[in-house]
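So the structure is just underneath, and the comments pick up after that.
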Amino acid sequence: MPAPSSKNKVNDRLNYNIDADNDGVITSEEAKAFNNQANPTDTAKNNYTGIRYGNDHGSLSCGHIHKQGDVTAGVLLQGKDGRHSFFMDNDGQRKGWTSTISPGNYQVTCGEDNEEAQDSMFLHASNGNIVILATNGKLRLQATDIELVAVGEGGSKGNIKMTATENVSIDCKKFQCNAKTYYKLCTSGTAEMVANSVMHLYSPIIKAVTDGCALKDSKNNLKRINDENNQV
């Protein structure tokens with residue numbers, strides 16, 4: 001007869017997308033729904049080899065079964081507050097997951113003995129996405145330099161996308177944009193270009209089109225440009 005062990009029905013939610021409507025914005029409701037999904041299993045875990053050491057300050061458990069009964073933790077390190085924990089899960093919908101929960105701050109400090117050019121902290125996802133989410137606060141990136149690099153081919157990869165429900169503000173001494181093939185600035189409202197010193201516009205051909213050609217086309221057939229930019 002085999003030795004008693006943890007048994008479970010394999011569940012998988014790894015393909016569940018935290019951005020449920022794929023609009024590029026993860027709302028607090030979507031984050032909550034991702035974390036509070038209903039237990040998909042129809043059988044609770046059984047564990048005959050679990051052990052626990054602890055006192056009123058904290059505990060260390062091996063083989064702990066989570067509250068929903070769907071996942072077995074290989075190692076669970078828990079503080080006095082049950083929300084303060086670190087666990088390495090063995091099975092179920094979080095097989096191979098390492099999770100840490102803190103009701104207060106979570107801090108990582110490293111690189112004190114390194115040089116400026118060294119990589120002191122490294123986060124690597126071999127496959128899948130990396131999500132950094134502050135549901136009720138700001139996300140700040142601060143450094144001597146910040147580099148954003150997207151590597152990919154075929155048009156569907158190698159892209160950097162910014163989505164803001166309100167405003168995007170850039171404040172700097174010098175702003176440069178170099179597009180090798182194409183760029184477009186578009187708004188359904190008002191557009192302004194202001195230079196208090198000198199403005200240079202250069203192109204082999206410059207076309208300026210107004211809505212006047214929508215009723216009667218110009219000799220240069222500029223109505224088609226008007227139609228292209230007023231599609232419903």
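Labels used: A, B, ... for chains in the order of the structure tokens, numbers from 1 for residues in each chain, and numbers from 1 for ligands as shown.
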Report the closest atom pair, with its distance in Å rounded to one decimal, for each residue of stretch 82-172 of chain A that has an atom no farther than 12 Å from stretch 52-67 of chain A; count only C-alpha atoms, sort by chain and then rising residue number, and write it as CSV.
residue,atom,partner,partner_atom,distance
A:Gly82,CA,A:Gly58,CA,8.7
A:Arg83,CA,A:Gly58,CA,11.4
A:His84,CA,A:Gly58,CA,9.4
A:Ser85,CA,A:Gly58,CA,9.4
A:Phe86,CA,A:Leu60,CA,9.7
A:Phe87,CA,A:Ser61,CA,9.2
A:Met88,CA,A:Cys62,CA,9.5
A:Asp89,CA,A:Gly63,CA,8.9
A:Asn90,CA,A:Gly63,CA,8.6
A:Asp91,CA,A:Ile65,CA,10.2
A:Gly92,CA,A:His66,CA,10.6
A:Gln93,CA,A:His66,CA,11.6
A:Arg94,CA,A:His66,CA,10.9
Could you pull out all residues of stretch 52-197 of chain A with a DSSP call of strand (DSSP E or B) and give them as a count of residues only?
27
Find the spatial neighbours of A:Asn136, counting only C-alpha atoms, within a cut-off of 12 Å - ignore same-chain residues fewer than 4 positions away - and output them as an MDAnalysis selection string.
chainID A and resid 26:29 31
Emit the selected residues as an mmCIF file, in the first residue's frame, including C-alpha atoms.
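Once everything was written out, this is selection-v1.cif:
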data_model
loop_
_atom_site.group_PDB
_atom_site.id
_atom_site.type_symbol
_atom_site.label_atom_id
_atom_site.label_comp_id
_atom_site.auth_asym_id
_atom_site.auth_seq_id
_atom_site.Cartn_x
_atom_site.Cartn_y
_atom_site.Cartn_z
ATOM 1 C CA ILE A 26 -6.891 46.558 -14.513
ATOM 2 C CA THR A 27 -9.625 47.910 -12.260
ATOM 3 C CA SER A 28 -9.917 47.187 -8.547
ATOM 4 C CA GLU A 29 -12.988 45.064 -9.317
ATOM 5 C CA ALA A 31 -8.165 42.474 -9.352
#
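In this structure, atom CA of A:Glu166 sits 28.1 Å away from atom CA of A:Asp227.
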Minimum-distance residue to A:Asn22, chosen among A:Asn47, A:Thr163, A:Gln107, A:Gln142 (using only C-alpha atoms)
A:Thr163
Could you please determine the separation between atom CA of A:Phe34 and atom CA of A:Gly104 in Å, to one decimal place?
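Straight-line distance from atom CA of A:Phe34 to atom CA of A:Gly104 works out to 21.1 Å.
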Skipping near chain neighbours, those fewer than 2 positions away, what residues fall within 12 Å of stretch 206-216 of chain A using only C-alpha atoms, listed as a short mmCIF file (atom, residue, chain, number, x, y, z; two decimals) with C-alpha atoms, in the first residue's frame?
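And here is the file that came out, out_17.cif:
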data_model
loop_
_atom_site.label_atom_id
_atom_site.label_comp_id
_atom_site.auth_asym_id
_atom_site.auth_seq_id
_atom_site.Cartn_x
_atom_site.Cartn_y
_atom_site.Cartn_z
CA LEU A 201 8.05 72.55 -40.47
CA TYR A 202 9.74 70.67 -43.28
CA SER A 203 8.52 68.15 -45.81
CA PRO A 204 8.89 67.60 -49.57
CA SER A 218 -10.52 70.65 -54.47
CA LYS A 219 -8.53 70.33 -57.67
CA ASN A 220 -5.96 68.25 -55.73
CA ASN A 221 -8.60 65.71 -54.65
CA LEU A 222 -8.25 66.54 -50.96
CA LYS A 223 -11.79 65.40 -50.16
CA ARG A 224 -10.48 61.84 -49.77
CA ILE A 225 -8.22 63.01 -46.94
CA ASN A 226 -11.20 64.66 -45.30
CA ASP A 227 -13.19 61.43 -45.65
CA GLU A 228 -10.36 59.29 -44.22
CA ASN A 229 -10.19 61.40 -41.07
CA ASN A 230 -13.94 61.65 -40.47
#
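The two atoms in question, atom CA of A:Ile160 and atom CA of A:Gly128, are spaced 16.5 Å apart.
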Using only C-alpha atoms, which of the listed residues (A:Ile51, A:Thr72, A:Tyr106, A:Thr135) sits closest to A:Lys32?
A:Thr135
